[in-house]
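Novice: Contents are mmCIF, C-alpha atoms; file name upload_24.cif:
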data_target
loop_
_atom_site.label_atom_id
_atom_site.label_comp_id
_atom_site.auth_asym_id
_atom_site.auth_seq_id
_atom_site.Cartn_x
_atom_site.Cartn_y
_atom_site.Cartn_z
CA MET Q 1 3.29 26.47 11.27
CA ALA Q 2 4.74 23.33 12.80
CA LYS Q 3 4.13 24.59 16.29
CA ASP Q 4 0.49 25.36 15.49
CA SER Q 5 0.05 21.92 13.95
CA THR Q 6 0.69 20.15 17.24
CA LYS Q 7 -2.14 19.79 19.75
CA ASP Q 8 -1.86 19.63 23.54
CA MET Q 9 -4.60 17.21 24.67
CA THR Q 10 -3.87 17.70 28.37
CA VAL Q 11 -5.99 20.86 28.64
CA GLY Q 12 -9.45 21.78 27.42
CA SER Q 13 -12.75 19.99 26.83
CA PRO Q 14 -12.25 16.24 26.21
CA MET Q 15 -15.25 16.17 23.85
CA ARG Q 16 -13.90 19.04 21.77
CA LEU Q 17 -10.37 17.63 21.71
CA ILE Q 18 -11.46 14.10 20.87
CA LEU Q 19 -13.78 15.21 18.10
CA GLY Q 20 -11.20 17.66 16.74
CA PHE Q 21 -8.50 14.98 16.69
CA SER Q 22 -10.60 12.01 15.59
CA ILE Q 23 -12.44 13.62 12.66
CA PRO Q 24 -9.28 14.10 10.54
CA LEU Q 25 -8.26 10.57 11.55
CA LEU Q 26 -11.68 9.32 10.48
CA PHE Q 27 -11.32 10.88 7.05
CA GLY Q 28 -7.88 9.31 6.83
CA PHE Q 29 -9.22 5.85 7.65
CA LEU Q 30 -12.16 6.38 5.30
CA PHE Q 31 -9.85 7.31 2.44
CA GLN Q 32 -7.65 4.33 3.26
CA GLN Q 33 -10.63 2.00 3.16
CA PHE Q 34 -12.06 3.82 0.16
CA TYR Q 35 -9.10 3.02 -2.02
CA SER Q 36 -9.04 -0.50 -0.55
CA VAL Q 37 -12.69 -0.92 -1.52
CA VAL Q 38 -12.16 0.62 -4.96
CA ASP Q 39 -9.14 -1.64 -5.38
CA THR Q 40 -11.37 -4.64 -4.65
CA VAL Q 41 -14.20 -3.38 -6.87
CA ILE Q 42 -11.80 -2.97 -9.80
CA VAL Q 43 -10.43 -6.47 -9.24
CA GLY Q 44 -13.91 -7.99 -9.02
CA ARG Q 45 -15.37 -6.07 -11.96
CA PHE Q 46 -12.46 -6.31 -14.39
CA LEU Q 47 -10.82 -9.60 -13.37
CA GLY Q 48 -13.79 -11.64 -12.12
CA MET Q 49 -14.96 -13.41 -8.98
CA ASN Q 50 -12.00 -15.81 -8.81
CA ALA Q 51 -9.54 -12.91 -8.77
CA LEU Q 52 -11.67 -11.24 -6.08
CA ALA Q 53 -11.60 -14.46 -4.03
CA GLY Q 54 -7.84 -14.77 -4.59
CA VAL Q 55 -7.22 -11.32 -3.12
CA GLY Q 56 -9.71 -12.03 -0.33
CA ALA Q 57 -8.06 -15.33 0.58
CA THR Q 58 -4.94 -13.37 1.60
CA GLY Q 59 -6.85 -11.03 3.91
CA SER Q 60 -6.06 -12.73 7.22
CA ILE Q 61 -2.36 -13.31 6.55
CA ASN Q 62 -2.13 -9.77 5.17
CA PHE Q 63 -3.68 -8.48 8.39
CA MET Q 64 -1.33 -10.59 10.50
CA ILE Q 65 1.86 -9.22 8.93
CA ILE Q 66 0.89 -5.69 7.86
CA GLY Q 67 -1.11 -5.29 11.07
CA PHE Q 68 2.03 -6.16 13.03
CA CYS Q 69 3.94 -3.44 11.16
CA MET Q 70 1.24 -0.86 11.82
CA GLY Q 71 0.93 -1.89 15.46
CA VAL Q 72 4.69 -1.62 16.03
CA CYS Q 73 4.72 1.88 14.55
CA SER Q 74 1.74 2.94 16.70
CA GLY Q 75 3.49 1.58 19.77
CA PHE Q 76 6.71 3.39 18.93
CA ALA Q 77 4.72 6.65 18.97
CA ILE Q 78 3.53 6.23 22.57
CA PRO Q 79 6.84 7.16 24.33
CA ILE Q 80 7.05 10.10 21.92
CA ALA Q 81 3.58 11.20 23.04
CA HIS Q 82 4.65 10.86 26.69
CA LYS Q 83 7.67 13.11 26.12
CA PHE Q 84 5.60 15.63 24.19
CA GLY Q 85 3.00 15.71 26.98
CA ALA Q 86 5.81 16.25 29.51
CA ARG Q 87 7.31 18.96 27.22
CA ASP Q 88 10.66 17.16 27.11
CA TYR Q 89 11.36 17.90 23.43
CA SER Q 90 14.99 16.76 23.39
CA GLY Q 91 13.97 13.43 24.89
CA MET Q 92 11.18 13.23 22.34
CA ARG Q 93 13.65 13.67 19.45
CA ARG Q 94 15.91 10.95 20.87
CA PHE Q 95 12.95 8.60 20.81
CA VAL Q 96 12.20 9.66 17.22
CA ALA Q 97 15.78 8.87 16.17
CA ASN Q 98 15.83 5.44 17.81
CA CYS Q 99 12.35 4.74 16.46
CA THR Q 100 13.81 5.32 12.98
CA TRP Q 101 16.68 2.88 13.49
CA LEU Q 102 14.33 0.23 14.84
CA SER Q 103 11.86 0.68 11.97
CA ILE Q 104 14.63 0.09 9.42
CA MET Q 105 15.73 -3.10 11.19
CA PHE Q 106 12.20 -4.43 11.61
CA SER Q 107 11.22 -3.75 8.00
CA VAL Q 108 14.27 -5.50 6.52
CA VAL Q 109 14.01 -8.61 8.70
CA LEU Q 110 10.24 -8.97 8.27
CA THR Q 111 10.40 -8.54 4.50
CA VAL Q 112 13.01 -11.26 4.07
CA ILE Q 113 11.16 -13.74 6.30
CA VAL Q 114 7.61 -13.36 5.00
CA VAL Q 115 8.53 -13.12 1.31
CA SER Q 116 10.37 -16.44 1.57
CA LEU Q 117 7.37 -18.10 3.28
CA CYS Q 118 4.50 -16.72 1.13
CA ARG Q 119 3.76 -19.82 -0.95
CA SER Q 120 4.06 -22.21 1.99
CA ILE Q 121 1.65 -20.13 4.07
CA LEU Q 122 -1.03 -20.22 1.36
CA VAL Q 123 -0.61 -23.99 1.07
CA TRP Q 124 -1.02 -24.37 4.85
CA MET Q 125 -4.19 -22.23 4.63
CA LYS Q 126 -5.75 -24.65 2.09
CA THR Q 127 -6.21 -21.89 -0.49
CA PRO Q 128 -8.44 -23.27 -3.31
CA GLU Q 129 -6.47 -24.25 -6.42
CA ASP Q 130 -8.54 -22.08 -8.75
CA ILE Q 131 -7.51 -18.91 -6.89
CA PHE Q 132 -4.08 -19.96 -5.54
CA GLU Q 133 -1.82 -18.20 -8.06
CA ASP Q 134 -3.77 -14.93 -7.85
CA ALA Q 135 -3.51 -15.06 -4.06
CA TYR Q 136 0.23 -15.77 -4.17
CA ILE Q 137 1.12 -13.01 -6.63
CA TYR Q 138 -0.94 -10.44 -4.75
CA ILE Q 139 0.37 -11.15 -1.25
CA LEU Q 140 3.98 -11.53 -2.45
CA ILE Q 141 4.03 -7.99 -3.84
CA ILE Q 142 2.28 -6.59 -0.76
CA PHE Q 143 4.94 -8.15 1.47
CA ILE Q 144 7.79 -6.86 -0.71
CA GLY Q 145 6.36 -3.41 0.07
CA ILE Q 146 6.69 -3.79 3.87
CA PRO Q 147 9.39 -1.05 4.07
CA ALA Q 148 6.91 1.39 2.49
CA THR Q 149 4.34 0.38 5.12
CA PHE Q 150 6.84 1.09 7.89
CA LEU Q 151 7.85 4.43 6.38
CA TYR Q 152 4.35 5.88 6.19
CA ASN Q 153 3.05 4.46 9.48
CA MET Q 154 6.14 5.45 11.46
CA LEU Q 155 6.00 9.04 10.24
CA SER Q 156 2.24 9.44 10.65
CA GLY Q 157 2.45 7.92 14.14
CA ILE Q 158 5.13 10.41 15.17
CA ILE Q 159 3.11 13.35 13.89
CA ARG Q 160 -0.09 12.13 15.58
CA SER Q 161 1.78 11.66 18.87
CA MET Q 162 2.22 15.46 18.94
CA GLY Q 163 -1.51 16.01 18.48
CA ASP Q 164 -1.49 16.66 14.72
CA SER Q 165 -3.95 14.33 13.00
CA LYS Q 166 -4.44 16.54 9.92
CA THR Q 167 -1.06 16.32 8.20
CA PRO Q 168 -1.10 12.50 7.80
CA LEU Q 169 -4.63 12.86 6.38
CA VAL Q 170 -3.40 15.10 3.58
CA PHE Q 171 -0.85 12.58 2.38
CA LEU Q 172 -3.17 9.63 2.89
CA THR Q 173 -5.81 11.37 0.77
CA LEU Q 174 -3.24 11.93 -1.94
CA SER Q 175 -2.20 8.29 -1.65
CA SER Q 176 -5.83 7.15 -1.96
CA PHE Q 177 -6.46 8.91 -5.25
CA MET Q 178 -3.05 7.87 -6.51
CA ASN Q 179 -3.87 4.25 -5.69
CA ILE Q 180 -7.12 4.37 -7.65
CA GLY Q 181 -5.41 5.89 -10.67
CA LEU Q 182 -2.62 3.32 -10.55
CA ASP Q 183 -5.18 0.52 -10.16
CA LEU Q 184 -6.90 1.52 -13.38
CA LEU Q 185 -3.57 2.00 -15.13
CA CYS Q 186 -2.05 -1.32 -14.03
CA ILE Q 187 -5.17 -3.50 -14.26
CA VAL Q 188 -7.15 -2.01 -17.14
CA THR Q 189 -4.46 -0.43 -19.32
CA PHE Q 190 -1.40 -2.60 -18.67
CA GLN Q 191 -3.42 -5.81 -18.05
CA MET Q 192 -1.27 -6.78 -15.06
CA GLY Q 193 -4.04 -8.75 -13.30
CA VAL Q 194 -4.05 -8.93 -9.49
CA ALA Q 195 -0.35 -7.99 -9.52
CA GLY Q 196 -1.42 -4.55 -10.73
CA ALA Q 197 -3.64 -4.06 -7.67
CA ALA Q 198 -0.77 -4.95 -5.34
CA VAL Q 199 1.75 -2.75 -7.19
CA ALA Q 200 -0.66 0.18 -7.04
CA THR Q 201 -1.10 -0.22 -3.27
CA VAL Q 202 2.63 -0.42 -2.51
CA ALA Q 203 3.61 2.41 -4.89
CA SER Q 204 0.99 4.82 -3.58
CA GLN Q 205 1.95 4.16 0.04
CA LEU Q 206 5.65 4.61 -0.73
CA ILE Q 207 5.06 7.95 -2.45
CA SER Q 208 2.83 9.09 0.43
CA GLY Q 209 5.53 8.17 2.96
CA VAL Q 210 8.26 10.00 1.06
CA LEU Q 211 6.14 13.14 0.74
CA CYS Q 212 5.30 12.97 4.45
CA LEU Q 213 9.02 12.75 5.27
CA ILE Q 214 9.84 15.77 3.10
CA TYR Q 215 7.05 17.77 4.74
CA MET Q 216 8.22 16.85 8.25
CA ILE Q 217 11.78 17.91 7.51
CA LYS Q 218 10.66 21.28 6.15
CA LYS Q 219 7.80 22.18 8.48
CA PHE Q 220 8.28 20.52 11.88
CA GLU Q 221 11.23 22.26 13.52
CA ILE Q 222 10.47 20.51 16.79
CA LEU Q 223 11.44 17.25 15.07
CA HIS Q 224 14.83 18.41 13.75
CA VAL Q 225 17.11 15.81 15.31
CA SER Q 226 20.69 16.83 16.11
CA ARG Q 227 23.71 14.62 15.44
CA GLU Q 228 23.98 13.86 19.15
CA GLU Q 229 20.29 12.87 19.33
CA TRP Q 230 20.72 10.49 16.37
CA LYS Q 231 22.96 8.20 18.45
CA ILE Q 232 21.63 4.70 19.07
CA ASP Q 233 20.49 4.35 22.68
CA THR Q 234 19.73 0.78 23.71
CA SER Q 235 17.73 1.86 26.75
CA LEU Q 236 15.43 3.97 24.56
CA MET Q 237 15.18 1.13 22.05
CA LYS Q 238 14.16 -1.18 24.87
CA THR Q 239 11.40 1.23 25.88
CA LEU Q 240 10.24 1.56 22.26
CA CYS Q 241 10.18 -2.20 21.77
CA GLY Q 242 8.36 -2.56 25.08
CA MET Q 243 5.57 -0.45 23.59
CA GLY Q 244 5.80 -1.35 19.90
CA VAL Q 245 6.27 -5.12 19.94
CA PRO Q 246 3.30 -5.82 22.25
CA MET Q 247 1.13 -3.54 20.12
CA GLY Q 248 2.26 -5.30 16.96
CA LEU Q 249 1.80 -8.73 18.52
CA GLN Q 250 -1.70 -7.70 19.51
CA TYR Q 251 -2.58 -7.50 15.81
CA SER Q 252 -0.67 -10.65 14.91
CA ILE Q 253 -2.05 -12.77 17.73
CA THR Q 254 -5.55 -11.64 16.83
CA ALA Q 255 -4.79 -12.48 13.21
CA ILE Q 256 -3.70 -16.02 14.06
CA GLY Q 257 -7.33 -16.73 14.87
CA SER Q 258 -8.30 -15.02 11.61
CA VAL Q 259 -5.88 -17.25 9.68
CA ILE Q 260 -7.44 -20.36 11.23
CA LEU Q 261 -10.89 -18.98 10.44
CA GLN Q 262 -9.88 -18.11 6.86
CA THR Q 263 -8.53 -21.63 6.41
CA SER Q 264 -11.95 -23.02 7.34
CA VAL Q 265 -13.76 -20.52 5.13
CA ASN Q 266 -11.51 -21.51 2.21
CA THR Q 267 -12.89 -25.05 2.44
CA LEU Q 268 -16.41 -23.71 1.75
CA GLY Q 269 -15.49 -22.80 -1.83
CA SER Q 270 -14.74 -19.71 -3.94
CA LEU Q 271 -18.31 -18.33 -3.78
CA ILE Q 272 -18.29 -18.12 0.03
CA VAL Q 273 -14.73 -16.76 0.03
CA ALA Q 274 -15.86 -14.01 -2.36
CA ALA Q 275 -18.94 -13.24 -0.22
CA VAL Q 276 -16.87 -12.96 2.97
CA THR Q 277 -14.33 -10.82 1.08
CA ALA Q 278 -16.99 -8.39 -0.19
CA GLY Q 279 -18.78 -8.29 3.17
CA SER Q 280 -15.52 -7.73 5.04
CA LYS Q 281 -14.53 -4.85 2.77
CA VAL Q 282 -17.84 -3.08 3.37
CA ASN Q 283 -17.61 -3.86 7.09
CA MET Q 284 -14.08 -2.42 7.34
CA PHE Q 285 -15.29 0.79 5.72
CA PHE Q 286 -18.03 1.18 8.33
CA CYS Q 287 -15.60 0.36 11.15
CA CYS Q 288 -13.40 3.38 10.39
CA PRO Q 289 -14.99 5.54 13.15
CA PHE Q 290 -14.00 2.89 15.70
CA ASP Q 291 -10.44 2.94 14.40
CA ALA Q 292 -10.38 6.74 14.61
CA LEU Q 293 -11.69 6.79 18.18
CA GLY Q 294 -9.15 4.14 19.18
CA SER Q 295 -6.17 5.97 17.67
CA THR Q 296 -7.37 9.20 19.26
CA MET Q 297 -7.45 7.58 22.70
CA ALA Q 298 -3.89 6.27 22.28
CA THR Q 299 -2.59 9.83 21.83
CA TYR Q 300 -5.01 11.29 24.39
CA GLY Q 301 -4.02 8.68 26.97
CA GLY Q 302 -0.32 9.03 26.23
CA GLN Q 303 -0.22 12.80 26.58
CA ASN Q 304 -2.34 12.90 29.75
CA VAL Q 305 -0.30 10.18 31.45
CA GLY Q 306 2.83 12.13 30.50
CA ALA Q 307 1.28 15.23 32.07
CA LYS Q 308 0.08 13.19 35.11
CA LYS Q 309 -3.56 14.22 34.58
CA LEU Q 310 -5.24 10.89 35.27
CA GLU Q 311 -8.69 12.35 35.94
CA ARG Q 312 -8.90 13.27 32.25
CA LEU Q 313 -8.58 9.60 31.25
CA ASP Q 314 -12.03 8.74 32.60
CA GLN Q 315 -13.50 11.87 31.06
CA GLY Q 316 -12.14 11.00 27.64
CA LEU Q 317 -13.28 7.38 27.95
CA LYS Q 318 -16.88 8.42 28.69
CA VAL Q 319 -16.92 10.74 25.67
CA CYS Q 320 -15.60 8.04 23.35
CA VAL Q 321 -17.99 5.36 24.59
CA PHE Q 322 -20.94 7.70 24.02
CA LEU Q 323 -19.80 8.53 20.49
CA GLY Q 324 -19.18 4.84 19.75
CA ALA Q 325 -22.65 3.83 20.96
CA VAL Q 326 -24.45 6.43 18.85
CA TYR Q 327 -22.54 5.48 15.72
CA SER Q 328 -23.01 1.73 16.29
CA VAL Q 329 -26.78 2.05 16.19
CA ALA Q 330 -26.75 4.26 13.09
CA ALA Q 331 -24.35 1.95 11.21
CA PHE Q 332 -26.41 -1.16 11.98
CA ILE Q 333 -29.61 0.45 10.69
CA PHE Q 334 -27.91 1.51 7.46
CA LEU Q 335 -26.26 -1.86 6.81
CA TYR Q 336 -29.47 -3.74 7.60
CA PHE Q 337 -31.20 -2.06 4.69
CA PHE Q 338 -28.36 -1.34 2.27
CA GLY Q 339 -25.50 -3.74 3.11
CA GLY Q 340 -26.35 -6.21 0.35
CA SER Q 341 -26.48 -3.51 -2.30
CA LEU Q 342 -23.05 -2.23 -1.26
CA ALA Q 343 -21.58 -5.73 -1.38
CA GLY Q 344 -23.10 -6.17 -4.85
CA LEU Q 345 -20.82 -3.43 -6.17
CA PHE Q 346 -17.89 -5.84 -6.10
CA VAL Q 347 -19.19 -8.19 -8.80
CA ASP Q 348 -21.59 -8.11 -11.75
CA THR Q 349 -25.34 -8.53 -11.27
CA ALA Q 350 -25.24 -12.23 -12.13
CA GLU Q 351 -23.68 -13.09 -8.76
CA SER Q 352 -26.89 -12.72 -6.69
CA ALA Q 353 -25.96 -15.62 -4.36
CA MET Q 354 -22.73 -13.85 -3.38
CA GLU Q 355 -24.63 -10.63 -2.69
CA ALA Q 356 -27.20 -12.39 -0.49
CA ASN Q 357 -24.50 -14.10 1.57
CA ALA Q 358 -22.55 -10.87 1.96
CA SER Q 359 -25.71 -9.06 3.11
CA GLN Q 360 -26.35 -11.69 5.79
CA PHE Q 361 -22.73 -11.43 6.92
CA LEU Q 362 -23.00 -7.63 7.29
CA ILE Q 363 -26.27 -7.70 9.22
CA ILE Q 364 -24.93 -10.15 11.80
CA VAL Q 365 -21.57 -8.43 12.23
CA SER Q 366 -22.97 -4.88 12.47
CA ALA Q 367 -25.43 -5.96 15.17
CA PHE Q 368 -22.36 -6.29 17.42
CA PHE Q 369 -20.65 -2.99 16.54
CA PHE Q 370 -20.89 -1.59 20.08
CA PRO Q 371 -18.71 -4.36 21.56
CA LEU Q 372 -16.22 -3.57 18.76
CA ALA Q 373 -16.32 0.11 19.71
CA LEU Q 374 -15.40 -0.79 23.30
CA VAL Q 375 -12.55 -3.03 22.11
CA ASN Q 376 -10.93 -0.25 20.11
CA ILE Q 377 -11.50 2.56 22.61
CA ILE Q 378 -10.37 0.75 25.76
CA ARG Q 379 -7.52 -1.22 24.17
CA PHE Q 380 -5.91 1.84 22.59
CA LEU Q 381 -6.42 3.90 25.74
CA ILE Q 382 -4.64 1.23 27.79
CA GLN Q 383 -1.81 1.20 25.24
CA GLY Q 384 -1.52 4.97 25.38
CA MET Q 385 -1.30 4.72 29.17
CA GLY Q 386 1.79 2.55 28.71
CA PHE Q 387 0.44 -0.96 29.38
CA GLY Q 388 0.93 -2.66 26.03
CA THR Q 389 1.04 -6.17 27.51
CA PHE Q 390 -2.67 -5.98 28.29
CA ALA Q 391 -3.33 -5.36 24.60
CA ILE Q 392 -1.61 -8.65 23.81
CA LEU Q 393 -3.83 -10.47 26.30
CA ALA Q 394 -6.92 -8.92 24.73
CA GLY Q 395 -5.63 -10.11 21.37
CA VAL Q 396 -5.27 -13.62 22.82
CA PHE Q 397 -8.97 -13.64 23.67
CA GLU Q 398 -9.83 -12.56 20.13
CA MET Q 399 -7.52 -15.21 18.72
CA ILE Q 400 -9.14 -17.95 20.81
CA ALA Q 401 -12.62 -16.88 19.74
CA ARG Q 402 -11.79 -16.81 16.01
CA ALA Q 403 -9.84 -20.05 16.25
CA LEU Q 404 -12.82 -21.76 17.90
CA ALA Q 405 -15.06 -20.39 15.18
CA GLY Q 406 -12.73 -21.78 12.51
CA LEU Q 407 -12.29 -25.16 14.19
CA VAL Q 408 -15.83 -25.67 15.50
CA LEU Q 409 -18.45 -23.20 14.25
CA VAL Q 410 -17.58 -23.18 10.54
CA PRO Q 411 -17.27 -27.00 10.21
CA VAL Q 412 -20.63 -27.41 12.00
CA PHE Q 413 -22.64 -24.39 10.85
CA GLY Q 414 -20.83 -23.45 7.65
CA PHE Q 415 -21.20 -19.85 6.52
CA MET Q 416 -23.23 -18.83 9.60
CA GLY Q 417 -20.33 -19.90 11.80
CA ALA Q 418 -18.06 -17.48 9.92
CA CYS Q 419 -20.58 -14.68 10.43
CA PHE Q 420 -20.52 -14.99 14.22
CA ALA Q 421 -16.72 -15.33 14.53
CA SER Q 422 -15.88 -11.63 14.92
CA PRO Q 423 -18.77 -10.78 17.29
CA LEU Q 424 -17.67 -13.62 19.56
CA ALA Q 425 -14.09 -12.30 19.46
CA TRP Q 426 -15.15 -8.76 20.39
CA ILE Q 427 -17.29 -9.89 23.32
CA LEU Q 428 -14.50 -12.02 24.80
CA ALA Q 429 -11.99 -9.19 24.38
CA ASP Q 430 -14.32 -6.77 26.19
CA ALA Q 431 -14.72 -9.24 29.05
CA PHE Q 432 -10.98 -8.84 29.61
CA LEU Q 433 -10.42 -5.17 28.68
CA ILE Q 434 -13.03 -3.53 30.91
CA PRO Q 435 -11.60 -4.87 34.20
CA ALA Q 436 -8.08 -4.42 32.78
CA TYR Q 437 -8.66 -0.66 32.36
CA ILE Q 438 -9.90 -0.38 35.94
CA HIS Q 439 -6.76 -2.20 37.11
CA VAL Q 440 -4.21 -0.11 35.18
CA ARG Q 441 -6.01 3.12 36.06
CA ARG Q 442 -5.69 2.31 39.77
CA LYS Q 443 -2.09 1.19 39.31
CA LEU Q 444 -1.14 4.52 37.71
CA GLN Q 445 -2.94 6.35 40.48
CA ARG Q 446 -0.84 4.54 43.09
CA MET Q 447 2.38 5.10 41.11
CA MET Q 448 1.76 8.83 40.88
CA GLY Q 449 0.64 9.10 44.50
CA GLU Q 450 -2.79 10.49 43.75
#
Spell out the structure here as structure tokens.
Specialist:
Amino acid sequence: MAKDSTKDMTVGSPMRLILGFSIPLLFGFLFQQFYSVVDTVIVGRFLGMNALAGVGATGSINFMIIGFCMGVCSGFAIPIAHKFGARDYSGMRRFVANCTWLSIMFSVVLTVIVVSLCRSILVWMKTPEDIFEDAYIYILIIFIGIPATFLYNMLSGIIRSMGDSKTPLVFLTLSSFMNIGLDLLCIVTFQMGVAGAAVATVASQLISGVLCLIYMIKKFEILHVSREEWKIDTSLMKTLCGMGVPMGLQYSITAIGSVILQTSVNTLGSLIVAAVTAGSKVNMFFCCPFDALGSTMATYGGQNVGAKKLERLDQGLKVCVFLGAVYSVAAFIFLYFFGGSLAGLFVDTAESAMEANASQFLIIVSAFFFPLALVNIIRFLIQGMGFGTFAILAGVFEMIARALAGLVLVPVFGFMGACFASPLAWILADAFLIPAYIHVRRKLQRMMGE
């Protein structure tokens, strides 16, 4: 069963492989965003617009820290994918073991640091007083749950590196429904406020990670690490950090611009914060296909580089760009007509101004979905090829764009400036990533003597 669950992406039709791998990933991302959206809807409907704004005000700092954790775990999986593609299974297990030790160390250190700085960060971000305490309670609990984030993302990354995108989906689906049930229990029944939403998120992810671990131990014989393979190897840790840290920093550097932008948005008042929160939640749901294509290309690129089949990189890239373009057009058309109605689900019907602002936000952002598709596809492919530093540089471009939007566009143009922040970031990132892919592709070709 375990052997059949893995997928060799170095042979066969790239279109078939990419679709077969990305569709389960897509459902996973959709479920993840679904319970995130439901979480937000429950907060907005049962606790009010201020509570919704309080949760939303933490979005950028949440993305900066949790995104770093997820990026590190995704980067750790790349050397594992290389070893799997090269069919060096003992070497793969050694990477898995050292990945585990590193994840434990990272999760403990990060949790201690960010939990101690939570309140100060929200003060620096000029969080409005009427939503400050809700924001603090929510993000504090989320950060306490960082070890749970590492557990699930490390395990799912390892499984995906071997070509199995279905198993993580099963546990993520379970986690999604569990999160919704816990949301209702904690917020509606136990009256825990925004703390209930955070507790539900952390608890459901922890349970999902534990179940995933149990399943791996029982079903994936190829991952049974021997006592000898469990030994700490600093050279392997260096390789893992060389992949994981740049990938994590890519998220964090990008998020620095988002923090600056969020700080400016916070000065526009709770109504605008709530509108951006609702619009962003809907937008993230519709961006799931881009996330799925990106994650697919990380594994696809990693395995094919490991197998030294560089010609398949270009083939896979063309397939993904085509799929991204088709979806971008369809998503824009849908959000143009129905984006406002979807955003309106987050609050009661009396908040028509919030709904109108959220609709405008979605129309502008979705008009630039194709540049976003290119960012995800090319960046993750480059990471899978083993050039994580370029991902950091792409993140720097995104950071600069969002920082400029926060420092210049929002103060001058207000809400409209916030709407154009992400599109500007995606376009600048693409201006770097497209020539970067050409460069690293040629570099690999020279290294392998092709």
Novice: Using all atoms listed in the file, give me every residue within 10 Å of (16.4, 9.0, 19.4) in file coordinates, as a list in words.
Specialist: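 Every polymer residue passing the test: Ile80, Ser90, Gly91, Met92, Arg93, Arg94, Phe95, Val96, Ala97, Asn98, Cys99, Thr100, Trp101, Val225, Ser226, Glu228, Glu229, Trp230, Lys231, Ile232, Asp233, Thr234, Leu236 and Met237 of chain Q.
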Novice: Using atom CA of Q:Gly56 and atom CA of Q:Thr277 as the two end points, give the distance in Å to one decimal.
Specialist: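 Distance reported for this atom pair: 5.0 Å.
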Novice: When you count all atoms listed in the file, which of these residues is closest to Q:Gln360: Q:Gly414, Q:Gly193, Q:Gly339, Q:Pro128?
Specialist: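 Closest candidate: Q:Gly339.
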Novice: To one decimal in Å, tell me the separation between atom CA of Q:Phe143 and atom CA of Q:Ala51.
Specialist: 18.4 Å
Novice: Select, from Q:Leu271, Q:Ala200, Q:Val265, Q:Met162, the residue with the minimum atom-to-atom distance to Q:Phe220, counting all atoms listed in the file.
Specialist: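 Between Q:Leu271, Q:Ala200, Q:Val265, Q:Met162, the residue approaching Q:Phe220 most closely is Q:Met162.
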